[in-house]
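Below is model39.tsv, holding TSV, C-alpha atoms (C1' of nucleotides).
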chain	number	residue	atom	x	y	z
A	8	MET	CA	-4.75	10.10	-37.63
A	9	ASP	CA	-5.83	10.56	-34.07
A	10	ILE	CA	-6.22	6.80	-33.95
A	11	THR	CA	-2.57	6.34	-34.78
A	12	ILE	CA	-1.55	8.61	-31.96
A	13	VAL	CA	-3.79	6.79	-29.52
A	14	ASP	CA	-2.38	3.48	-30.70
A	15	ASN	CA	1.14	4.72	-30.18
A	16	GLN	CA	0.33	5.81	-26.67
A	17	GLN	CA	-1.16	2.40	-26.03
A	18	ASP	CA	1.99	0.80	-27.39
A	19	ILE	CA	4.12	2.88	-25.05
A	20	LEU	CA	2.04	1.75	-22.09
A	21	GLN	CA	2.42	-1.87	-23.17
A	22	ILE	CA	6.16	-1.48	-23.50
A	23	LYS	CA	6.43	0.06	-20.06
A	24	LEU	CA	4.26	-2.68	-18.61
A	25	LYS	CA	6.46	-5.38	-20.02
A	26	LYS	CA	9.49	-3.57	-18.70
A	27	ILE	CA	7.97	-3.52	-15.22
A	28	LEU	CA	6.46	-6.98	-15.16
A	29	GLY	CA	9.20	-8.81	-16.98
A	30	ASP	CA	12.02	-6.89	-15.40
A	31	PRO	CA	14.25	-9.46	-13.67
A	32	ALA	CA	11.67	-12.22	-13.87
A	33	ASN	CA	8.61	-11.24	-11.95
A	34	LEU	CA	8.15	-14.92	-11.28
A	35	THR	CA	10.44	-14.76	-8.31
A	36	GLY	CA	8.59	-13.16	-5.44
A	37	THR	CA	11.82	-11.33	-4.66
A	38	CYS	CA	11.61	-9.11	-7.74
A	39	PRO	CA	13.04	-5.72	-6.70
A	40	THR	CA	10.25	-3.77	-8.30
A	41	ARG	CA	7.72	-5.69	-6.26
A	42	ASN	CA	9.87	-5.26	-3.21
A	43	ILE	CA	9.89	-1.51	-3.72
A	44	LEU	CA	6.21	-1.24	-4.53
A	45	ASP	CA	5.62	-3.06	-1.26
A	46	ARG	CA	7.24	-0.17	0.57
A	47	PHE	CA	4.72	2.29	-0.87
A	48	SER	CA	2.06	-0.14	0.15
A	49	ASP	CA	1.60	1.67	3.38
A	50	LYS	CA	-0.34	4.85	3.59
A	51	TRP	CA	1.90	6.42	6.21
A	52	SER	CA	4.88	6.47	3.84
A	53	ILE	CA	2.91	8.20	1.12
A	54	LEU	CA	1.41	10.72	3.52
A	55	SER	CA	4.83	11.47	4.98
A	56	ILE	CA	6.22	12.11	1.53
A	57	PHE	CA	3.30	14.39	0.71
A	58	HIS	CA	3.74	16.48	3.82
A	59	LEU	CA	7.50	16.73	3.52
A	60	GLY	CA	7.07	17.71	-0.12
A	61	ASN	CA	4.59	20.32	0.90
A	62	ALA	CA	6.48	21.82	3.83
A	63	GLY	CA	10.10	21.23	2.81
A	64	ILE	CA	11.65	20.64	6.21
A	65	LEU	CA	9.74	19.35	9.20
A	66	ARG	CA	10.58	18.30	12.73
A	67	PHE	CA	9.29	15.06	14.18
A	68	ASN	CA	6.36	16.50	16.07
A	69	GLU	CA	5.45	18.93	13.31
A	70	LEU	CA	5.10	15.96	10.98
A	71	LYS	CA	3.15	14.07	13.59
A	72	LYS	CA	0.67	16.92	13.94
A	73	ARG	CA	0.10	17.04	10.20
A	74	ILE	CA	-0.41	13.34	9.65
A	75	ASP	CA	-3.74	12.85	11.31
A	76	GLY	CA	-4.07	9.66	13.27
A	77	ILE	CA	-0.50	8.42	13.09
A	78	SER	CA	0.99	7.11	16.32
A	79	GLN	CA	4.44	8.06	17.52
A	80	ARG	CA	5.61	4.52	16.99
A	81	MET	CA	4.40	4.32	13.39
A	82	LEU	CA	5.86	7.70	12.50
A	83	THR	CA	9.22	6.56	13.81
A	84	VAL	CA	9.05	3.29	11.90
A	85	THR	CA	7.90	5.00	8.71
A	86	LEU	CA	10.59	7.68	8.82
A	87	ARG	CA	13.30	5.10	9.49
A	88	ASN	CA	12.22	3.04	6.49
A	89	LEU	CA	12.10	6.08	4.23
A	90	GLU	CA	15.53	7.14	5.45
A	91	ARG	CA	16.88	3.64	4.91
A	92	ASP	CA	15.64	3.74	1.30
A	93	GLY	CA	17.39	7.05	0.74
A	94	LEU	CA	14.11	8.92	0.23
A	95	ILE	CA	14.43	11.30	3.17
A	96	SER	CA	17.32	12.76	5.15
A	97	ARG	CA	17.42	13.01	8.92
A	98	ARG	CA	19.46	15.74	10.61
A	99	VAL	CA	19.98	15.65	14.33
A	100	TYR	CA	20.99	18.81	16.18
A	101	PRO	CA	22.83	18.02	19.42
A	102	GLU	CA	20.87	20.44	21.52
A	103	ILE	CA	18.73	20.15	24.60
A	104	PRO	CA	15.91	19.63	24.05
A	105	PRO	CA	16.90	17.74	20.89
A	106	ARG	CA	15.87	18.88	17.44
A	107	VAL	CA	15.54	16.56	14.47
A	108	GLU	CA	14.71	17.71	10.97
A	109	TYR	CA	13.44	15.62	8.11
A	110	GLU	CA	13.57	16.50	4.44
A	111	LEU	CA	13.07	14.75	1.12
A	112	THR	CA	16.27	13.81	-0.69
A	113	GLY	CA	16.68	14.16	-4.44
A	114	LEU	CA	15.51	10.59	-4.81
A	115	GLY	CA	12.57	11.33	-2.55
A	116	ASN	CA	11.62	14.36	-4.60
A	117	SER	CA	11.72	12.35	-7.82
A	118	LEU	CA	9.31	9.90	-6.21
A	119	LEU	CA	7.15	12.72	-4.91
A	120	VAL	CA	6.40	13.78	-8.47
A	121	LYS	CA	4.99	10.35	-9.28
A	122	VAL	CA	3.07	10.01	-6.05
A	123	ILE	CA	1.51	13.42	-6.55
A	124	GLU	CA	0.16	12.20	-9.86
A	125	LEU	CA	-1.43	9.28	-8.07
A	126	GLY	CA	-2.80	11.52	-5.34
A	127	GLU	CA	-4.22	13.88	-7.93
A	128	TRP	CA	-5.88	10.97	-9.68
A	129	ALA	CA	-7.43	9.87	-6.39
A	130	SER	CA	-8.55	13.40	-5.69
A	131	ASP	CA	-10.06	13.75	-9.16
A	132	HIS	CA	-11.79	10.36	-9.27
A	133	GLY	CA	-12.82	10.05	-5.65
A	134	ASP	CA	-16.46	10.83	-6.36
A	135	GLN	CA	-16.57	8.32	-9.19
A	136	ILE	CA	-15.18	5.58	-6.95
A	137	MET	CA	-17.50	6.40	-4.08
A	138	GLN	CA	-20.41	6.26	-6.50
A	139	ALA	CA	-19.27	2.91	-7.89
A	140	ARG	CA	-19.05	1.55	-4.36
A	141	ALA	CA	-22.55	2.75	-3.51
A	142	GLN	CA	-23.93	1.11	-6.65
A	143	TYR	CA	-22.12	-2.13	-5.95
A	144	ASP	CA	-23.33	-2.23	-2.37
A	145	ALA	CA	-26.90	-1.49	-3.46
A	146	ARG	CA	-26.85	-4.37	-5.95
A	147	GLU	CA	-25.33	-6.55	-3.28
A	148	ARG	CA	-28.13	-5.76	-0.85
A	149	ASN	CA	-30.74	-6.53	-3.51
A	150	THR	CA	-29.38	-9.95	-4.35
A	151	LEU	CA	-29.05	-10.78	-0.67
A	152	SER	CA	-32.61	-9.78	0.14
A	153	ALA	CA	-33.80	-11.71	-2.92
A	154	LEU	CA	-32.15	-14.82	-1.53
A	155	ASN	CA	-33.91	-14.37	1.77
A	156	ASN	CA	-37.37	-14.47	0.14
B	25	MET	CA	15.37	31.61	-17.69
B	26	ASP	CA	15.77	27.94	-16.98
B	27	ILE	CA	15.39	28.80	-13.34
B	28	THR	CA	12.02	30.35	-14.03
B	29	ILE	CA	10.83	27.19	-15.73
B	30	VAL	CA	12.04	25.04	-12.88
B	31	ASP	CA	10.36	27.34	-10.41
B	32	ASN	CA	7.10	27.11	-12.30
B	33	GLN	CA	7.24	23.33	-12.24
B	34	GLN	CA	7.89	23.48	-8.52
B	35	ASP	CA	4.92	25.80	-8.16
B	36	ILE	CA	2.71	23.37	-10.05
B	37	LEU	CA	3.76	20.57	-7.72
B	38	GLN	CA	3.00	22.72	-4.71
B	39	ILE	CA	-0.42	23.60	-6.06
B	40	LYS	CA	-1.21	19.95	-6.70
B	41	LEU	CA	-0.01	19.02	-3.23
B	42	LYS	CA	-2.25	21.57	-1.59
B	43	LYS	CA	-5.13	20.33	-3.69
B	44	ILE	CA	-4.52	16.77	-2.49
B	45	LEU	CA	-3.74	17.49	1.13
B	46	GLY	CA	-6.25	20.24	1.67
B	47	ASP	CA	-8.98	18.67	-0.39
B	48	PRO	CA	-11.94	18.26	1.98
B	49	ALA	CA	-9.92	18.77	5.12
B	50	ASN	CA	-7.29	16.12	5.39
B	51	LEU	CA	-7.73	16.47	9.13
B	52	THR	CA	-10.58	14.01	9.15
B	53	GLY	CA	-9.19	10.51	8.84
B	54	THR	CA	-12.12	9.80	6.56
B	55	CYS	CA	-10.83	12.03	3.76
B	56	PRO	CA	-11.79	10.32	0.48
B	57	THR	CA	-8.37	10.75	-1.04
B	58	ARG	CA	-6.80	8.95	1.88
B	59	ASN	CA	-9.50	6.34	1.72
B	60	ILE	CA	-8.71	5.70	-1.92
B	61	LEU	CA	-4.97	5.72	-1.48
B	62	ASP	CA	-5.53	3.10	1.19
B	63	ARG	CA	-7.00	0.82	-1.43
B	64	PHE	CA	-3.77	0.93	-3.45
B	65	SER	CA	-1.97	0.20	-0.27
B	66	ASP	CA	-1.99	-3.46	-1.04
B	67	LYS	CA	0.37	-4.96	-3.53
B	68	TRP	CA	-2.13	-7.45	-4.92
B	69	SER	CA	-4.37	-4.67	-6.25
B	70	ILE	CA	-1.53	-3.00	-8.08
B	71	LEU	CA	-0.24	-6.27	-9.49
B	72	SER	CA	-3.73	-7.24	-10.64
B	73	ILE	CA	-4.10	-3.93	-12.43
B	74	PHE	CA	-0.70	-4.38	-14.09
B	75	HIS	CA	-1.51	-7.84	-15.39
B	76	LEU	CA	-4.99	-6.91	-16.59
B	77	GLY	CA	-3.52	-3.88	-18.32
B	78	ASN	CA	-0.93	-6.09	-19.92
B	79	ALA	CA	-3.21	-8.92	-21.05
B	80	GLY	CA	-6.50	-7.10	-21.59
B	81	ILE	CA	-8.93	-9.83	-20.58
B	82	LEU	CA	-8.07	-12.61	-18.16
B	83	ARG	CA	-9.93	-15.45	-16.50
B	84	PHE	CA	-9.63	-16.07	-12.78
B	85	ASN	CA	-7.04	-18.82	-12.97
B	86	GLU	CA	-5.07	-17.12	-15.73
B	87	LEU	CA	-4.69	-14.14	-13.45
B	88	LYS	CA	-3.78	-16.39	-10.54
B	89	LYS	CA	-1.01	-18.02	-12.56
B	90	ARG	CA	0.48	-14.65	-13.48
B	91	ILE	CA	0.45	-13.13	-10.00
B	92	ASP	CA	3.13	-15.17	-8.34
B	93	GLY	CA	2.39	-16.16	-4.78
B	94	ILE	CA	-1.19	-14.95	-4.52
B	95	SER	CA	-3.64	-17.30	-2.84
B	96	GLN	CA	-7.05	-18.06	-4.26
B	97	ARG	CA	-8.64	-16.29	-1.34
B	98	MET	CA	-6.65	-13.09	-1.75
B	99	LEU	CA	-7.22	-12.98	-5.50
B	100	THR	CA	-10.96	-13.23	-4.88
B	101	VAL	CA	-10.89	-10.52	-2.24
B	102	THR	CA	-8.71	-8.23	-4.38
B	103	LEU	CA	-10.81	-8.61	-7.49
B	104	ARG	CA	-14.03	-7.98	-5.55
B	105	ASN	CA	-12.63	-4.76	-4.12
B	106	LEU	CA	-11.43	-3.56	-7.50
B	107	GLU	CA	-14.81	-4.40	-9.01
B	108	ARG	CA	-16.59	-2.58	-6.19
B	109	ASP	CA	-14.49	0.53	-6.89
B	110	GLY	CA	-15.44	0.37	-10.55
B	111	LEU	CA	-11.87	-0.30	-11.65
B	112	ILE	CA	-12.46	-3.69	-13.22
B	113	SER	CA	-15.44	-5.44	-14.80
B	114	ARG	CA	-16.44	-9.02	-14.11
B	115	ARG	CA	-18.31	-10.99	-16.75
B	116	VAL	CA	-19.74	-14.38	-15.84
B	117	TYR	CA	-20.62	-16.82	-18.60
B	118	PRO	CA	-23.34	-19.23	-17.49
B	119	GLU	CA	-21.57	-22.33	-18.73
B	120	ILE	CA	-20.39	-25.54	-17.16
B	121	PRO	CA	-17.63	-25.38	-16.14
B	122	PRO	CA	-18.10	-21.69	-15.40
B	123	ARG	CA	-16.05	-19.02	-17.11
B	124	VAL	CA	-15.40	-15.59	-15.60
B	125	GLU	CA	-13.52	-12.84	-17.37
B	126	TYR	CA	-11.95	-9.79	-15.80
B	127	GLU	CA	-11.02	-6.59	-17.59
B	128	LEU	CA	-10.06	-3.04	-16.66
B	129	THR	CA	-12.83	-0.47	-16.99
B	130	GLY	CA	-12.26	3.00	-18.37
B	131	LEU	CA	-11.67	4.20	-14.85
B	132	GLY	CA	-9.29	1.31	-14.26
B	133	ASN	CA	-7.34	2.16	-17.39
B	134	SER	CA	-7.00	5.78	-16.33
B	135	LEU	CA	-5.54	4.57	-13.06
B	136	LEU	CA	-3.30	2.10	-14.86
B	137	VAL	CA	-1.52	4.98	-16.57
B	138	LYS	CA	-0.59	6.52	-13.21
B	139	VAL	CA	0.39	3.24	-11.63
B	140	ILE	CA	2.62	2.40	-14.57
B	141	GLU	CA	4.48	5.63	-13.94
B	142	LEU	CA	5.03	4.55	-10.36
B	143	GLY	CA	6.09	1.07	-11.43
B	144	GLU	CA	8.50	2.52	-13.96
B	145	TRP	CA	9.99	4.74	-11.27
B	146	ALA	CA	10.46	1.72	-9.03
B	147	SER	CA	12.01	-0.21	-11.88
B	148	ASP	CA	14.35	2.67	-12.73
B	149	HIS	CA	15.41	3.49	-9.17
B	150	GLY	CA	15.46	0.01	-7.71
B	151	ASP	CA	19.26	-0.19	-7.73
B	152	GLN	CA	19.58	3.20	-6.07
B	153	ILE	CA	17.23	2.16	-3.29
B	154	MET	CA	18.92	-1.19	-2.75
B	155	GLN	CA	22.23	0.62	-2.52
B	156	ALA	CA	20.87	3.12	-0.01
B	157	ARG	CA	19.56	0.26	2.08
B	158	ALA	CA	22.90	-1.52	2.04
B	159	GLN	CA	24.68	1.66	3.13
B	160	TYR	CA	22.18	2.30	5.89
B	161	ASP	CA	22.47	-1.25	7.18
B	162	ALA	CA	26.26	-1.10	7.10
B	163	ARG	CA	26.27	2.11	9.16
B	164	GLU	CA	23.76	0.51	11.49
B	165	ARG	CA	26.01	-2.49	12.04
B	166	ASN	CA	28.97	-0.24	12.75
B	167	THR	CA	27.22	1.82	15.41
B	168	LEU	CA	25.87	-1.33	17.03
B	169	SER	CA	29.26	-3.02	17.19
B	170	ALA	CA	30.76	0.21	18.53
B	171	LEU	CA	28.25	0.15	21.36
B	172	ASN	CA	29.23	-3.40	22.24
B	173	ASN	CA	32.85	-2.42	22.80
C	17	DC	C1'	11.75	16.86	22.14
C	18	DG	C1'	12.21	12.79	19.99
C	19	DG	C1'	12.42	8.94	20.60
C	20	DT	C1'	12.69	3.31	22.51
C	21	DA	C1'	10.63	-0.80	24.85
C	22	DT	C1'	6.96	-3.59	26.00
C	23	DC	C1'	2.55	-5.35	25.86
C	24	DC	C1'	-1.51	-6.58	23.73
C	25	DT	C1'	-5.24	-6.41	20.32
C	26	DT	C1'	-6.65	-6.42	15.72
C	27	DT	C1'	-6.08	-7.46	11.03
C	28	DG	C1'	-4.15	-9.68	6.98
C	29	DG	C1'	-3.78	-13.44	4.80
C	30	DG	C1'	-2.30	-18.62	4.08
C	31	DA	C1'	-3.97	-23.63	4.13
C	32	DT	C1'	-7.40	-26.65	3.64
C	33	DA	C1'	-11.84	-28.45	2.62
C	34	DC	C1'	-16.05	-28.08	0.33
C	35	DT	C1'	-19.58	-26.57	-3.69
C	36	DG	C1'	-22.61	-25.05	-7.80
D	15	DC	C1'	-13.56	-23.57	-13.10
D	16	DA	C1'	-14.27	-20.26	-9.91
D	17	DG	C1'	-15.26	-19.64	-6.24
D	18	DT	C1'	-17.03	-19.85	-0.54
D	19	DA	C1'	-16.32	-21.14	4.27
D	20	DT	C1'	-13.61	-22.10	8.14
D	21	DC	C1'	-9.68	-22.23	10.84
D	22	DC	C1'	-5.59	-20.47	12.30
D	23	DC	C1'	-1.28	-18.10	12.62
D	24	DA	C1'	1.93	-14.26	11.93
D	25	DA	C1'	2.48	-9.62	11.46
D	26	DA	C1'	0.86	-4.79	11.78
D	27	DG	C1'	0.10	-1.46	14.61
D	28	DG	C1'	-2.13	1.12	18.85
D	29	DA	C1'	-1.55	2.28	23.93
D	30	DT	C1'	1.24	3.00	27.57
D	31	DA	C1'	5.37	3.76	30.11
D	32	DC	C1'	9.90	5.09	30.30
D	33	DC	C1'	14.51	7.65	28.80
D	34	DG	C1'	18.61	10.73	27.15
Structure rendered as structure tokens:
Amino acid sequence: MDITIVDNQQDILQIKLKKILGDPANLTGTCPTRNILDRFSDKWSILSIFHLGNAGILRFNELKKRIDGISQRMLTVTLRNLERDGLISRRVYPEIPPRVEYELTGLGNSLLVKVIELGEWASDHGDQIMQARAQYDARERNTLSALNN
Amino acid sequence: MDITIVDNQQDILQIKLKKILGDPANLTGTCPTRNILDRFSDKWSILSIFHLGNAGILRFNELKKRIDGISQRMLTVTLRNLERDGLISRRVYPEIPPRVEYELTGLGNSLLVKVIELGEWASDHGDQIMQARAQYDARERNTLSALNN
DNA sequence: CGGTATCCTTTGGGATACTG
DNA sequence: CAGTATCCCAAAGGATACCG
């Protein structure tokens, strides 16, 4: 009986896959789903979403301090793109010195849930991946040194 | 009572976030989780995982046909990286002409589940994002033309 | 403080040609 | 068929300087 349940879960995955891949004809490189996945294809976006999800509301420089290694330019670009996609909101207070606050929107929070799952997977399987890499590299070195003899 | 449930779910998210962000000190740019998320930061990896999950086993050129727009070089690079991370297996049949089959490993399948969730989100919210972009661009055009007057 | 503008280097990745 | 090797270009992104 367990087998049936497993099979059903597999079927659900297959159905979802076909929905994603076959959506509006994946053949066209302009497929929206691909377009959107491209946006998450940069680490700064994902990290920004994580930190905003974690802190709630953050000012520009607060965010910059938390995202290790990001340049001012890239943080600006990243936040603009996320705002453009409706994932974060940007509130400017007309004060001197200026204050700008960023926060996840409802849409952004719904994405956060999914991205957290991915982050948790990475956190949970990091060791396994690092180990696989070490093994691969070791094999690689062996075959290379064998060729040199 | 509903509020309590919602709060608990929020708490769970917060706990997971802290687990991800605070894992081994996110401060170091070499944090494994970030390192691994970087790997998914290219669209070809995600698309390869989708298509292998969908088809099960695929040969090099079968995969190339399905991933629209990918070059031979990038498919090779992508598959090598995924293999190195232990996400896919590569079986070479010593025949002429050669035959090479790619398949998701157990680890790869466990990742597939998470990536499908992300893909489904993108598929479901694509319209919303496109709409947000259009609105943002329209506002942008207005403020620009206002500056020119 | 929260940016923008500019420059300049590095990387990603396509095109093409060749090979076991 | 399934790559590798080379060349080359476009884009990403860091560093720096300046600004409201």
Practice item. Find the residues in chain C near chain B: any atom within 12 Å counts, using only C-alpha atoms (C1' of nucleotides). Write them as a ChimeraX atom specification. Key: /C:28-32,36
**Study point:** Residues of chain A within 7 Å of chain B, counting all atoms listed in the file, as a PyMOL selection string
**Key:** chain A and resi 21+23-24+27+34+36+39-40+43-45+48-50+57+61+75-76+91-93+121+123-127+129-130+133+136+139-140+143
Point to revise | Nearest to chain D by atom-to-atom distance, counting all atoms listed in the file, from B:Arg115, B:Val30, B:Glu86, B:Arg123 | key: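 Comparing B:Arg115, B:Val30, B:Glu86, B:Arg123 against chain D, the winner is B:Arg123.
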Point to revise | Between CA of Glu127 (chain B) and C1' of DT18 (chain D) - distance in Å to one decimal | key: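 Computed distance, C1' of DT18 (chain D) to CA of Glu127 (chain B), equals 22.4 Å.
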Which chain D residues have any atom within 10 Å of an atom of chain A, and for each, what is the nearest pair of atoms with distance in Å to one decimal, counting all atoms listed in the file, rows sorted by chain and number, as a Markdown table?
| residue | atom | partner | partner_atom | distance |
| --- | --- | --- | --- | --- |
| D:DA26 | C1' | A:Met81 | CA | 9.9 |
| D:DG27 | C1' | A:Met81 | CA | 7.3 |
| D:DG28 | C1' | A:Ser78 | CA | 7.2 |
| D:DA29 | C1' | A:Ser78 | CA | 9.4 |
| D:DG34 | C1' | A:Pro105 | CA | 9.6 |
Exercise for review: Measure the distance from CA of Ser72 (chain B) to CA of Phe84 (chain B) in Å and round it to one decimal.
Suggested key: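 Separating CA of Ser72 (chain B) from CA of Phe84 (chain B) is a distance of 10.8 Å.
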Quick one: residues within 12 Å of DC32 (chain D), all atoms listed in the file counted, chain neighbours fewer than 5 positions away excluded, as an mmCIF file with C-alpha atoms (C1' of nucleotides), in the coordinates of the input?
data_model
loop_
_atom_site.group_PDB
_atom_site.id
_atom_site.type_symbol
_atom_site.label_atom_id
_atom_site.label_comp_id
_atom_site.auth_asym_id
_atom_site.auth_seq_id
_atom_site.Cartn_x
_atom_site.Cartn_y
_atom_site.Cartn_z
ATOM 1 C "C1'" DG C 19 12.420 8.940 20.600
ATOM 2 C "C1'" DT C 20 12.690 3.310 22.510
ATOM 3 C "C1'" DA C 21 10.630 -0.800 24.850
ATOM 4 C "C1'" DT C 22 6.960 -3.590 26.000
#
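Residue nearest Leu103 (chain B), chosen from B:Pro118, B:Arg163, B:Tyr126, B:Asp35 and counting only C-alpha atoms: B:Tyr126.
With CA of Ile81 (chain B) on one side and C1' of DC34 (chain C) on the other, the separation reads 28.7 Å.
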Would you give the centre and edge lengths, in Å to one decimal, of a box along x, y and z around the listed atoms of region 73-76 of chain B, with 8 Å added to each side, as JSON?
{"center_x": -2.8, "center_y": -5.9, "center_z": -14.5, "size_x": 20.3, "size_y": 19.9, "size_z": 20.2}
